[in-house]
file upload18.cif (mmCIF, C-alpha atoms and all ligand atoms)
data_start
#
loop_
_atom_site.group_PDB
_atom_site.id
_atom_site.type_symbol
_atom_site.label_atom_id
_atom_site.label_comp_id
_atom_site.auth_asym_id
_atom_site.auth_seq_id
_atom_site.Cartn_x
_atom_site.Cartn_y
_atom_site.Cartn_z
ATOM 1 C CA MET A 29 82.649 88.424 77.515
ATOM 2 C CA LYS A 30 80.637 87.115 80.454
ATOM 3 C CA GLU A 31 77.359 88.813 81.315
ATOM 4 C CA GLY A 32 77.050 90.830 84.539
ATOM 5 C CA LYS A 33 79.587 91.744 87.178
ATOM 6 C CA PRO A 34 82.049 89.063 88.282
ATOM 7 C CA LYS A 35 81.825 88.089 91.937
ATOM 8 C CA ILE A 36 85.281 88.200 93.478
ATOM 9 C CA LEU A 37 86.043 86.995 96.998
ATOM 10 C CA VAL A 38 89.159 88.534 98.512
ATOM 11 C CA VAL A 39 90.542 86.889 101.636
ATOM 12 C CA GLY A 40 93.250 88.772 103.462
ATOM 13 C CA SER A 41 94.683 91.557 105.522
ATOM 14 C CA MET A 42 93.225 94.903 106.491
ATOM 15 C CA ASN A 43 95.727 97.455 107.802
ATOM 16 C CA MET A 44 96.021 101.068 108.726
ATOM 17 C CA ASP A 45 99.169 102.270 106.941
ATOM 18 C CA LEU A 46 101.387 104.887 108.555
ATOM 19 C CA ILE A 47 103.127 106.261 105.486
ATOM 20 C CA MET A 48 106.457 108.052 106.005
ATOM 21 C CA TYR A 49 107.634 110.051 102.974
ATOM 22 C CA ASN A 50 111.163 110.542 101.631
ATOM 23 C CA VAL A 51 112.873 108.060 103.938
ATOM 24 C CA GLU A 52 116.466 108.236 102.737
ATOM 25 C CA ARG A 53 117.631 104.810 103.813
ATOM 26 C CA ILE A 54 116.990 101.908 106.155
ATOM 27 C CA PRO A 55 118.210 102.938 109.640
ATOM 28 C CA LYS A 56 120.554 100.789 111.691
ATOM 29 C CA MET A 57 119.449 99.496 115.109
ATOM 30 C CA GLY A 58 119.743 102.322 117.654
ATOM 31 C CA GLU A 59 119.612 105.017 114.967
ATOM 32 C CA SER A 60 116.815 107.523 114.203
ATOM 33 C CA ILE A 61 116.472 109.126 110.793
ATOM 34 C CA TYR A 62 114.216 111.878 109.460
ATOM 35 C CA CYS A 63 111.543 111.779 106.818
ATOM 36 C CA THR A 64 109.700 114.747 105.304
ATOM 37 C CA GLY A 65 106.164 113.935 106.406
ATOM 38 C CA TYR A 66 103.620 111.271 107.186
ATOM 39 C CA GLU A 67 99.968 110.378 106.896
ATOM 40 C CA TYR A 68 97.618 107.595 107.961
ATOM 41 C CA VAL A 69 95.979 105.865 105.008
ATOM 42 C CA THR A 70 93.775 102.772 104.899
ATOM 43 C CA GLY A 71 95.394 99.766 103.223
ATOM 44 C CA GLY A 72 96.480 96.169 103.786
ATOM 45 C CA LYS A 73 96.994 93.733 100.943
ATOM 46 C CA GLY A 74 93.558 92.102 101.164
ATOM 47 C CA SER A 75 91.716 95.334 101.693
ATOM 48 C CA ASN A 76 93.600 96.955 98.769
ATOM 49 C CA GLN A 77 92.715 94.032 96.494
ATOM 50 C CA ALA A 78 89.030 94.182 97.463
ATOM 51 C CA TYR A 79 88.957 97.948 97.004
ATOM 52 C CA ALA A 80 90.629 97.602 93.591
ATOM 53 C CA ALA A 81 88.310 94.795 92.467
ATOM 54 C CA SER A 82 85.299 96.957 93.320
ATOM 55 C CA MET A 83 86.763 100.027 91.568
ATOM 56 C CA GLN A 84 87.345 97.842 88.513
ATOM 57 C CA GLY A 85 83.686 96.915 88.328
ATOM 58 C CA ALA A 86 83.403 93.614 90.214
ATOM 59 C CA ASP A 87 81.061 92.683 93.021
ATOM 60 C CA ALA A 88 83.876 92.499 95.562
ATOM 61 C CA TYR A 89 83.513 90.717 98.897
ATOM 62 C CA LEU A 90 86.127 90.789 101.638
ATOM 63 C CA VAL A 91 86.854 88.225 104.341
ATOM 64 C CA GLY A 92 89.201 89.690 106.947
ATOM 65 C CA ARG A 93 89.474 90.718 110.595
ATOM 66 C CA ILE A 94 89.773 94.083 112.311
ATOM 67 C CA GLY A 95 89.799 95.176 115.943
ATOM 68 C CA THR A 96 87.027 97.194 117.557
ATOM 69 C CA ASP A 97 89.177 100.336 117.220
ATOM 70 C CA ASP A 98 89.213 103.557 115.193
ATOM 71 C CA ASN A 99 91.577 102.109 112.576
ATOM 72 C CA GLY A 100 89.162 99.248 111.940
ATOM 73 C CA ARG A 101 86.249 101.685 111.659
ATOM 74 C CA ALA A 102 88.179 103.860 109.187
ATOM 75 C CA LEU A 103 88.908 100.808 107.024
ATOM 76 C CA MET A 104 85.263 99.718 106.992
ATOM 77 C CA LYS A 105 84.132 103.216 106.033
ATOM 78 C CA GLN A 106 86.551 103.441 103.083
ATOM 79 C CA LEU A 107 85.700 99.955 101.814
ATOM 80 C CA GLU A 108 81.965 100.472 102.107
ATOM 81 C CA GLU A 109 82.196 103.813 100.297
ATOM 82 C CA ALA A 110 84.032 101.987 97.488
ATOM 83 C CA GLY A 111 81.180 99.481 97.267
ATOM 84 C CA VAL A 112 82.979 96.480 98.815
ATOM 85 C CA ASP A 113 80.697 93.997 100.595
ATOM 86 C CA THR A 114 82.152 93.871 104.125
ATOM 87 C CA SER A 115 79.474 91.655 105.664
ATOM 88 C CA PHE A 116 82.001 88.812 106.106
ATOM 89 C CA VAL A 117 84.581 90.987 107.907
ATOM 90 C CA VAL A 118 84.843 89.949 111.566
ATOM 91 C CA ARG A 119 85.275 92.582 114.312
ATOM 92 C CA ASP A 120 87.634 90.792 116.657
ATOM 93 C CA GLU A 121 87.340 92.104 120.221
ATOM 94 C CA GLY A 122 90.582 90.492 121.372
ATOM 95 C CA HIS A 123 92.989 92.060 118.873
ATOM 96 C CA LEU A 124 93.923 95.398 117.362
ATOM 97 C CA THR A 125 93.496 96.201 113.675
ATOM 98 C CA GLY A 126 96.706 95.487 111.722
ATOM 99 C CA LEU A 127 99.133 98.361 111.227
ATOM 100 C CA SER A 128 101.919 98.774 108.712
ATOM 101 C CA THR A 129 104.550 101.496 108.602
ATOM 102 C CA MET A 130 105.282 102.171 104.945
ATOM 103 C CA ASN A 131 108.666 103.859 104.630
ATOM 104 C CA ILE A 132 108.803 105.376 101.160
ATOM 105 C CA ASP A 133 111.988 106.584 99.452
ATOM 106 C CA ALA A 134 112.290 109.345 96.849
ATOM 107 C CA ASP A 135 111.615 106.854 94.007
ATOM 108 C CA GLY A 136 108.387 105.607 95.555
ATOM 109 C CA ASN A 137 109.828 102.274 96.744
ATOM 110 C CA TYR A 138 109.232 101.173 100.301
ATOM 111 C CA PHE A 139 110.217 98.929 103.135
ATOM 112 C CA SER A 140 107.572 98.253 105.740
ATOM 113 C CA ILE A 141 107.215 97.051 109.301
ATOM 114 C CA PHE A 142 103.998 95.189 109.874
ATOM 115 C CA ALA A 143 102.064 94.452 113.101
ATOM 116 C CA SER A 144 99.509 91.950 111.902
ATOM 117 C CA GLY A 145 97.102 92.150 114.897
ATOM 118 C CA ALA A 146 93.650 90.807 114.033
ATOM 119 C CA ASN A 147 94.873 89.606 110.607
ATOM 120 C CA ASP A 148 96.679 86.777 112.400
ATOM 121 C CA HIS A 149 93.301 85.434 113.473
ATOM 122 C CA ILE A 150 91.528 85.148 110.111
ATOM 123 C CA LYS A 151 90.038 81.674 110.263
ATOM 124 C CA PRO A 152 89.052 79.114 107.629
ATOM 125 C CA GLU A 153 85.525 79.290 109.099
ATOM 126 C CA ASP A 154 85.372 83.006 108.207
ATOM 127 C CA VAL A 155 86.043 82.021 104.590
ATOM 128 C CA GLU A 156 83.660 79.072 104.613
ATOM 129 C CA ARG A 157 80.817 81.322 105.757
ATOM 130 C CA ALA A 158 81.291 83.504 102.674
ATOM 131 C CA MET A 159 81.705 80.595 100.261
ATOM 132 C CA ASP A 160 78.557 78.924 101.601
ATOM 133 C CA GLN A 161 76.495 82.030 100.882
ATOM 134 C CA VAL A 162 77.766 83.381 97.564
ATOM 135 C CA ASP A 163 78.751 81.755 94.257
ATOM 136 C CA PHE A 164 82.119 83.337 93.505
ATOM 137 C CA ASP A 165 83.830 83.532 90.110
ATOM 138 C CA MET A 166 87.297 83.866 91.585
ATOM 139 C CA VAL A 167 89.101 83.958 94.926
ATOM 140 C CA VAL A 168 91.978 86.414 95.324
ATOM 141 C CA MET A 169 94.321 86.183 98.308
ATOM 142 C CA GLN A 170 97.833 86.828 99.601
ATOM 143 C CA LEU A 171 99.959 85.651 102.534
ATOM 144 C CA GLU A 172 99.337 88.352 105.171
ATOM 145 C CA MET A 173 97.268 85.938 107.274
ATOM 146 C CA PRO A 174 97.742 82.492 108.868
ATOM 147 C CA LEU A 175 99.123 80.033 106.323
ATOM 148 C CA GLU A 176 96.619 77.413 107.439
ATOM 149 C CA THR A 177 93.835 79.795 106.349
ATOM 150 C CA VAL A 178 95.584 80.271 102.994
ATOM 151 C CA TYR A 179 95.783 76.507 102.443
ATOM 152 C CA GLN A 180 92.240 75.804 103.592
ATOM 153 C CA THR A 181 90.864 78.657 101.498
ATOM 154 C CA TYR A 182 92.486 77.068 98.476
ATOM 155 C CA GLY A 183 91.062 73.652 99.457
ATOM 156 C CA MET A 184 87.528 75.031 99.841
ATOM 157 C CA ALA A 185 87.735 76.930 96.549
ATOM 158 C CA ARG A 186 89.063 73.876 94.758
ATOM 159 C CA GLN A 187 86.173 71.754 96.035
ATOM 160 C CA ARG A 188 83.793 74.334 94.633
ATOM 161 C CA GLU A 189 85.802 74.653 91.377
ATOM 162 C CA ILE A 190 86.541 78.344 91.957
ATOM 163 C CA PRO A 191 89.873 79.520 90.458
ATOM 164 C CA VAL A 192 92.278 81.051 92.989
ATOM 165 C CA PHE A 193 94.708 83.904 92.330
ATOM 166 C CA LEU A 194 97.474 83.985 94.944
ATOM 167 C CA ASP A 195 99.571 87.125 95.223
ATOM 168 C CA ALA A 196 102.544 85.568 97.038
ATOM 169 C CA GLY A 197 103.344 88.575 99.242
ATOM 170 C CA PRO A 198 104.831 89.427 101.647
ATOM 171 C CA ALA A 199 108.092 87.654 100.804
ATOM 172 C CA MET A 200 108.459 84.325 102.584
ATOM 173 C CA SER A 201 109.430 80.763 101.909
ATOM 174 C CA ILE A 202 106.392 78.493 102.155
ATOM 175 C CA PRO A 203 105.806 74.853 101.288
ATOM 176 C CA LEU A 204 103.846 74.837 98.039
ATOM 177 C CA GLU A 205 102.539 71.247 98.154
ATOM 178 C CA ARG A 206 99.178 72.287 99.594
ATOM 179 C CA LEU A 207 98.690 74.802 96.798
ATOM 180 C CA ARG A 208 99.270 72.329 93.979
ATOM 181 C CA GLY A 209 96.885 72.953 91.108
ATOM 182 C CA ILE A 210 96.170 76.587 92.054
ATOM 183 C CA PHE A 211 95.064 78.777 89.141
ATOM 184 C CA ILE A 212 97.671 81.574 89.408
ATOM 185 C CA ILE A 213 100.633 82.067 91.722
ATOM 186 C CA SER A 214 102.027 85.568 91.386
ATOM 187 C CA PRO A 215 105.092 86.720 93.356
ATOM 188 C CA ASN A 216 107.106 89.914 92.792
ATOM 189 C CA GLU A 217 110.908 89.834 92.520
ATOM 190 C CA ALA A 218 111.648 89.676 96.273
ATOM 191 C CA GLU A 219 108.866 87.117 96.795
ATOM 192 C CA THR A 220 110.160 84.999 93.901
ATOM 193 C CA ALA A 221 113.616 84.927 95.496
ATOM 194 C CA ALA A 222 112.151 83.996 98.893
ATOM 195 C CA LEU A 223 109.973 81.225 97.453
ATOM 196 C CA THR A 224 112.446 79.678 95.029
ATOM 197 C CA GLY A 225 115.895 80.656 96.310
ATOM 198 C CA ILE A 226 116.575 81.983 92.785
ATOM 199 C CA VAL A 227 117.139 85.742 92.448
ATOM 200 C CA PRO A 228 115.304 86.752 89.242
ATOM 201 C CA ASP A 229 117.981 89.244 88.175
ATOM 202 C CA THR A 230 118.520 88.069 84.581
ATOM 203 C CA LYS A 231 116.208 86.657 81.900
ATOM 204 C CA ALA A 232 117.693 83.190 82.413
ATOM 205 C CA HIS A 233 117.338 83.296 86.215
ATOM 206 C CA THR A 234 113.798 84.655 85.964
ATOM 207 C CA GLU A 235 112.705 81.880 83.618
ATOM 208 C CA GLU A 236 114.449 79.316 85.835
ATOM 209 C CA ALA A 237 112.469 80.612 88.848
ATOM 210 C CA ALA A 238 109.216 80.431 86.854
ATOM 211 C CA ARG A 239 109.944 76.798 85.899
ATOM 212 C CA TRP A 240 110.809 75.966 89.527
ATOM 213 C CA LEU A 241 107.513 77.418 90.751
ATOM 214 C CA TYR A 242 105.597 75.640 88.029
ATOM 215 C CA GLU A 243 107.068 72.293 89.052
ATOM 216 C CA LYS A 244 106.402 72.802 92.764
ATOM 217 C CA ALA A 245 102.895 74.310 92.643
ATOM 218 C CA ALA A 246 101.644 72.862 89.336
ATOM 219 C CA PRO A 247 99.493 75.962 88.739
ATOM 220 C CA ARG A 248 97.707 76.840 85.539
ATOM 221 C CA TYR A 249 99.918 79.941 85.391
ATOM 222 C CA VAL A 250 103.009 81.280 87.118
ATOM 223 C CA LEU A 251 102.910 85.062 86.845
ATOM 224 C CA LEU A 252 106.047 86.887 87.992
ATOM 225 C CA LYS A 253 105.757 90.632 88.667
ATOM 226 C CA LEU A 254 109.065 92.167 87.706
ATOM 227 C CA GLY A 255 108.719 95.910 88.314
ATOM 228 C CA SER A 256 110.118 97.912 85.407
ATOM 229 C CA ARG A 257 110.659 94.669 83.408
ATOM 230 C CA GLY A 258 106.893 94.013 83.332
ATOM 231 C CA ALA A 259 105.633 90.484 83.978
ATOM 232 C CA LEU A 260 106.492 86.937 82.967
ATOM 233 C CA LEU A 261 103.641 84.493 82.365
ATOM 234 C CA TYR A 262 104.481 80.773 82.223
ATOM 235 C CA ASP A 263 101.933 78.063 81.568
ATOM 236 C CA GLY A 264 104.319 75.103 81.511
ATOM 237 C CA ARG A 265 104.930 75.470 77.764
ATOM 238 C CA GLU A 266 105.605 79.044 76.798
ATOM 239 C CA MET A 267 107.344 81.962 78.538
ATOM 240 C CA LYS A 268 105.464 85.187 77.699
ATOM 241 C CA TRP A 269 107.051 88.481 78.700
ATOM 242 C CA VAL A 270 104.460 91.248 78.992
ATOM 243 C CA LYS A 271 105.966 94.728 79.327
ATOM 244 C CA GLY A 272 104.554 97.305 81.702
ATOM 245 C CA TYR A 273 104.366 101.103 81.450
ATOM 246 C CA HIS A 274 107.141 103.460 82.444
ATOM 247 C CA VAL A 275 105.760 106.263 84.603
ATOM 248 C CA ASP A 276 107.163 108.519 87.338
ATOM 249 C CA ALA A 277 106.439 106.679 90.573
ATOM 250 C CA VAL A 278 105.808 108.569 93.798
ATOM 251 C CA ASP A 279 104.575 105.675 95.962
ATOM 252 C CA THR A 280 104.388 101.998 95.003
ATOM 253 C CA THR A 281 102.078 101.071 97.919
ATOM 254 C CA ALA A 282 99.187 98.872 96.676
ATOM 255 C CA ALA A 283 100.540 98.640 93.106
ATOM 256 C CA GLY A 284 100.887 94.844 93.236
ATOM 257 C CA ASP A 285 97.481 94.491 94.913
ATOM 258 C CA THR A 286 95.882 96.692 92.245
ATOM 259 C CA PHE A 287 97.619 94.776 89.440
ATOM 260 C CA GLY A 288 96.309 91.411 90.690
ATOM 261 C CA ALA A 289 92.769 92.577 91.357
ATOM 262 C CA ALA A 290 92.443 94.419 88.022
ATOM 263 C CA LEU A 291 93.786 91.375 86.182
ATOM 264 C CA ALA A 292 91.380 89.062 88.033
ATOM 265 C CA VAL A 293 88.370 91.231 87.182
ATOM 266 C CA GLN A 294 89.338 91.441 83.501
ATOM 267 C CA TYR A 295 89.924 87.705 83.293
ATOM 268 C CA CYS A 296 86.550 86.990 84.921
ATOM 269 C CA LYS A 297 84.931 89.356 82.418
ATOM 270 C CA GLY A 298 86.299 87.137 79.627
ATOM 271 C CA ALA A 299 89.615 88.756 78.643
ATOM 272 C CA ASP A 300 92.487 86.458 77.684
ATOM 273 C CA MET A 301 95.355 86.310 80.173
ATOM 274 C CA GLU A 302 97.728 88.597 78.239
ATOM 275 C CA THR A 303 95.077 91.286 77.817
ATOM 276 C CA ALA A 304 94.217 90.983 81.515
ATOM 277 C CA ILE A 305 97.910 91.410 82.428
ATOM 278 C CA ARG A 306 98.179 94.557 80.271
ATOM 279 C CA TYR A 307 95.114 95.919 82.011
ATOM 280 C CA GLY A 308 96.685 95.097 85.384
ATOM 281 C CA HIS A 309 99.880 96.887 84.337
ATOM 282 C CA ALA A 310 97.892 100.006 83.397
ATOM 283 C CA ALA A 311 96.004 99.991 86.720
ATOM 284 C CA ALA A 312 99.285 99.584 88.640
ATOM 285 C CA ALA A 313 100.941 102.382 86.610
ATOM 286 C CA ILE A 314 98.212 104.822 87.662
ATOM 287 C CA CYS A 315 98.448 103.588 91.260
ATOM 288 C CA VAL A 316 102.198 104.305 91.578
ATOM 289 C CA MET A 317 101.732 107.884 90.340
ATOM 290 C CA ARG A 318 99.557 108.588 93.411
ATOM 291 C CA LYS A 319 100.205 108.424 97.131
ATOM 292 C CA GLY A 320 98.830 105.860 99.578
ATOM 293 C CA GLY A 321 96.941 102.555 99.516
ATOM 294 C CA HIS A 322 93.212 102.987 98.864
ATOM 295 C CA PRO A 323 93.387 106.589 97.582
ATOM 296 C CA SER A 324 95.839 105.583 94.829
ATOM 297 C CA ILE A 325 93.650 102.853 93.321
ATOM 298 C CA PRO A 326 92.091 103.840 89.969
ATOM 299 C CA THR A 327 88.581 103.295 88.644
ATOM 300 C CA ALA A 328 87.896 101.233 85.504
ATOM 301 C CA LYS A 329 87.275 104.463 83.554
ATOM 302 C CA GLU A 330 90.679 105.831 84.549
ATOM 303 C CA VAL A 331 92.384 102.609 83.447
ATOM 304 C CA GLU A 332 90.555 102.614 80.116
ATOM 305 C CA ARG A 333 91.563 106.232 79.513
ATOM 306 C CA PHE A 334 95.187 105.424 80.395
ATOM 307 C CA LEU A 335 95.182 102.483 77.979
ATOM 308 C CA LEU A 336 93.856 104.682 75.176
ATOM 309 C CA GLU A 337 96.404 107.426 75.870
ATOM 310 C CA ASN A 338 99.263 104.926 76.065
ATOM 311 C CA LYS A 339 98.272 102.701 73.208
ATOM 312 C CA VAL A 340 101.109 100.566 71.875
ATOM 313 C CA GLY A 341 100.836 97.641 69.520
ATOM 314 C CA ARG A 342 101.083 94.191 71.029
ATOM 315 C CA ARG A 343 104.256 93.441 69.040
ATOM 316 C CA GLU A 344 105.871 96.698 70.013
ATOM 317 C CA GLN A 345 105.035 96.266 73.705
ATOM 318 C CA ASN A 346 106.562 92.804 73.732
ATOM 319 C CA LYS A 347 109.869 93.841 72.130
HETATM 320 O O1 LIG A 401 100.702 95.756 99.456
HETATM 321 C C1 LIG A 401 100.684 96.975 100.165
HETATM 322 C C2 LIG A 401 100.170 96.767 101.556
HETATM 323 O O2 LIG A 401 101.073 95.922 102.228
HETATM 324 C C3 LIG A 401 100.102 98.023 102.372
HETATM 325 O O3 LIG A 401 98.861 98.684 102.226
HETATM 326 C C4 LIG A 401 100.415 97.554 103.775
HETATM 327 O O4 LIG A 401 99.341 97.545 104.622
HETATM 328 C C5 LIG A 401 101.010 96.162 103.607
HETATM 329 O O5 LIG A 401 100.167 95.216 104.095
#
call {"tool": "encode", "arguments": {"input": "upload18.cif", "output": "structure tokens"}}
result
Amino acid sequence: MKEGKPKILVVGSMNMDLIMYNVERIPKMGESIYCTGYEYVTGGKGSNQAYAASMQGADAYLVGRIGTDDNGRALMKQLEEAGVDTSFVVRDEGHLTGLSTMNIDADGNYFSIFASGANDHIKPEDVERAMDQVDFDMVVMQLEMPLETVYQTYGMARQREIPVFLDAGPAMSIPLERLRGIFIISPNEAETAALTGIVPDTKAHTEEAARWLYEKAAPRYVLLKLGSRGALLYDGREMKWVKGYHVDAVDTTAAGDTFGAALAVQYCKGADMETAIRYGHAAAAICVMRKGGHPSIPTAKEVERFLLENKVGRREQNK
């Protein structure tokens, strides 16, 4: 295990989430449907990852953009209380803080509508400023920001030999050439389908999608997040299926963000990739049993307790 806390740079979105509970179905255009309640909760993929990395015991830094509005102030307050270094977050006077409506069904799954606001203006220079000042152990990012910033962040990290974990959400088809050689590319099922054109609905299709991604992005690892089927790790030689935990989900918001950040922290602390994935699964399992983005993200102690209480042998978990 490495000494000290890993330094993780998260680059990405900061949103206020308007969470609507018990949305029965996706409405048609012109139709209004009821839900049972709502609340405003701080979130956004980047902000969730930074929050989770800090809760998992890293020195977490966030590069992102907010407006000069109440939603931006609420986000900063939550992140700072969680110990995230927000000194590289830009307050953008020309744009509103991002907002996402999270429409949650009775099983905790959601569809969302996203107004990206200031997130659309995250610039490579914002990232460079952070990288010039701190020696990071890993960069964690997603796609809720300009793609040019995603590509240039990878380029800058690569120059500095910093491994990059890309959570490939939200679902979109992007050219992968400029990400060739990235450390980890990690889409969920919908994102895998959008990136590869292959729906990962069977073992064979899932492994085919992993091979496709490996060929296009030439990463060290492809890591597919497969919901109740766990995760598939592919390093160009071996397909490793790592099962997750079955829990009663109430809200899956931030589960993928928490999984990636927890995994990144564990890996930087010296865990092997499979152990880090199991840790990520445990963190995500706790997250889905709670409501909201930031408030649902567990501490390292909570994850360790969960792992002890749900101890299964490696062989048994992989059956
Ligand atoms: O990954 C979950 C996040 O995606 C939510 O917090 C929402 O803001 C959307 O960006």
call {"tool": "atom_distance", "arguments": {"input": "upload18.cif", "atom1": "CA of Gly40 (chain A)", "atom2": "CA of Lys271 (chain A)"}}
result
27.9 Å
call {"tool": "closest_residue", "arguments": {"input": "upload18.cif", "among": "A:Glu332, A:Glu172, A:Glu236, A:Asp120", "to": "ligand LIG 401 (chain A)", "atoms": "all atoms listed in the file"}}
result
A:Glu172
call {"tool": "residues_near_ligand", "arguments": {"input": "upload18.cif", "ligand": "ligand LIG 401 (chain A)", "cutoff": "9 Å", "atoms": "only C-alpha atoms and all ligand atoms", "output": "tab-separated table (two decimals) with C-alpha atoms, in the coordinates of the input"}}
result
chain	number	residue	atom	x	y	z
A	41	SER	CA	94.68	91.56	105.52
A	42	MET	CA	93.22	94.90	106.49
A	43	ASN	CA	95.73	97.46	107.80
A	44	MET	CA	96.02	101.07	108.73
A	45	ASP	CA	99.17	102.27	106.94
A	46	LEU	CA	101.39	104.89	108.56
A	69	VAL	CA	95.98	105.86	105.01
A	70	THR	CA	93.78	102.77	104.90
A	71	GLY	CA	95.39	99.77	103.22
A	72	GLY	CA	96.48	96.17	103.79
A	73	LYS	CA	96.99	93.73	100.94
A	74	GLY	CA	93.56	92.10	101.16
A	75	SER	CA	91.72	95.33	101.69
A	76	ASN	CA	93.60	96.96	98.77
A	77	GLN	CA	92.72	94.03	96.49
A	126	GLY	CA	96.71	95.49	111.72
A	127	LEU	CA	99.13	98.36	111.23
A	128	SER	CA	101.92	98.77	108.71
A	129	THR	CA	104.55	101.50	108.60
A	130	MET	CA	105.28	102.17	104.94
A	140	SER	CA	107.57	98.25	105.74
A	141	ILE	CA	107.22	97.05	109.30
A	142	PHE	CA	104.00	95.19	109.87
A	144	SER	CA	99.51	91.95	111.90
A	172	GLU	CA	99.34	88.35	105.17
A	197	GLY	CA	103.34	88.58	99.24
A	198	PRO	CA	104.83	89.43	101.65
A	280	THR	CA	104.39	102.00	95.00
A	281	THR	CA	102.08	101.07	97.92
A	282	ALA	CA	99.19	98.87	96.68
A	283	ALA	CA	100.54	98.64	93.11
A	284	GLY	CA	100.89	94.84	93.24
A	285	ASP	CA	97.48	94.49	94.91
A	286	THR	CA	95.88	96.69	92.24
A	320	GLY	CA	98.83	105.86	99.58
A	321	GLY	CA	96.94	102.56	99.52
A	322	HIS	CA	93.21	102.99	98.86
call {"tool": "atom_distance", "arguments": {"input": "upload18.cif", "atom1": "CA of Ala134 (chain A)", "atom2": "CA of Trp269 (chain A)"}}
result
28.1 Å
call {"tool": "axis_aligned_box", "arguments": {"input": "upload18.cif", "around": "region 107-111 of chain A", "padding_each_side": "5 Å", "output": "AutoDock Vina command-line options"}}
result
--center_x 83.4 --center_y 101.6 --center_z 99.7 --size_x 14.5 --size_y 14.3 --size_z 14.8
call {"tool": "residues_around", "arguments": {"input": "upload18.cif", "residues": "region 264-266 of chain A", "least_positions_apart": "2", "cutoff": "10 Å", "atoms": "only C-alpha atoms", "output": "PyMOL selection string"}}
result
chain A and resi 238-239+242-243+246-250+261-262+268-269
call {"tool": "closest_residue", "arguments": {"input": "upload18.cif", "among": "A:Pro203, A:Gly32, A:Gly308, A:Gly209", "to": "Ala222 (chain A)", "atoms": "only C-alpha atoms"}}
result
A:Pro203
call {"tool": "resolve_selection", "arguments": {"input": "upload18.cif", "expression": "the PyMOL selection byres (((chain A and resi 256) around 9) and not hetatm)", "output": "MDAnalysis selection string"}}
result
chainID A and resid 254:255 257:259 271:274
call {"tool": "resolve_selection", "arguments": {"input": "upload18.cif", "expression": "the PyMOL selection byres (((chain A and resi 80) around 12) and not hetatm)", "output": "PyMOL selection string"}}
result
chain A and resi 36+38+71-79+81-90+106-107+110-112+168+282-294+308+311-312+315+321-328+331
call {"tool": "atom_distance", "arguments": {"input": "upload18.cif", "atom1": "CA of Asp148 (chain A)", "atom2": "CA of Arg93 (chain A)"}}
result
8.4 Å
call {"tool": "closest_residue", "arguments": {"input": "upload18.cif", "among": "A:Ala310, A:Ala196, A:Val117, A:Ala232", "to": "Glu330 (chain A)", "atoms": "all atoms listed in the file"}}
result
A:Ala310
call {"tool": "residues_around", "arguments": {"input": "upload18.cif", "residues": "Val167 (chain A)", "least_positions_apart": "3", "cutoff": "7 Å", "atoms": "all atoms listed in the file", "output": "PyMOL selection string"}}
result
chain A and resi 36-38+190-193
call {"tool": "residues_around", "arguments": {"input": "upload18.cif", "residues": "Asn131 (chain A)", "least_positions_apart": "5", "cutoff": "7 Å", "atoms": "all atoms listed in the file", "output": "list in words"}}
result
Ile47, Met48, Tyr49, Val51, Tyr138, Phe139 and Ser140 of chain A
call {"tool": "residues_around", "arguments": {"input": "upload18.cif", "residues": "region 157-165 of chain A", "least_positions_apart": "2", "cutoff": "6 Å", "atoms": "all atoms listed in the file", "output": "VMD selection string"}}
result
chain A and resid 35 to 36 154 to 155
call {"tool": "write_last_selection", "arguments": {"input": "upload18.cif", "atoms": "C-alpha atoms", "output": "JSON list (two decimals), in the frame of the given file"}}
result
[["chain", "number", "residue", "atom", "x", "y", "z"],
["A", 35, "LYS", "CA", 81.82, 88.09, 91.94],
["A", 36, "ILE", "CA", 85.28, 88.20, 93.48],
["A", 154, "ASP", "CA", 85.37, 83.01, 108.21],
["A", 155, "VAL", "CA", 86.04, 82.02, 104.59]]
call {"tool": "resolve_selection", "arguments": {"input": "upload18.cif", "expression": "the PyMOL selection byres (((chain A and resi 174-185) around 9) and not hetatm)", "output": "PyMOL selection string"}}
result
chain A and resi 39-40+147-153+155-156+159+166-167+169-173+186-192+202+206-207+210
call {"tool": "write_last_selection", "arguments": {"input": "upload18.cif", "atoms": "C-alpha atoms", "output": "compact mmCIF listing (two decimals), in the frame of the given file"}}
result
# COMPACT_ATOMS: atom_id res chain seq x y z
CA VAL A 39 90.54 86.89 101.64
CA GLY A 40 93.25 88.77 103.46
CA ASN A 147 94.87 89.61 110.61
CA ASP A 148 96.68 86.78 112.40
CA HIS A 149 93.30 85.43 113.47
CA ILE A 150 91.53 85.15 110.11
CA LYS A 151 90.04 81.67 110.26
CA PRO A 152 89.05 79.11 107.63
CA GLU A 153 85.52 79.29 109.10
CA VAL A 155 86.04 82.02 104.59
CA GLU A 156 83.66 79.07 104.61
CA MET A 159 81.70 80.60 100.26
CA MET A 166 87.30 83.87 91.58
CA VAL A 167 89.10 83.96 94.93
CA MET A 169 94.32 86.18 98.31
CA GLN A 170 97.83 86.83 99.60
CA LEU A 171 99.96 85.65 102.53
CA GLU A 172 99.34 88.35 105.17
CA MET A 173 97.27 85.94 107.27
CA ARG A 186 89.06 73.88 94.76
CA GLN A 187 86.17 71.75 96.04
CA ARG A 188 83.79 74.33 94.63
CA GLU A 189 85.80 74.65 91.38
CA ILE A 190 86.54 78.34 91.96
CA PRO A 191 89.87 79.52 90.46
CA VAL A 192 92.28 81.05 92.99
CA ILE A 202 106.39 78.49 102.16
CA ARG A 206 99.18 72.29 99.59
CA LEU A 207 98.69 74.80 96.80
CA ILE A 210 96.17 76.59 92.05
call {"tool": "closest_residue", "arguments": {"input": "upload18.cif", "among": "A:Leu124, A:Ala299, A:Met104, A:Ile132", "to": "Tyr62 (chain A)", "atoms": "all atoms listed in the file"}}
result
A:Ile132
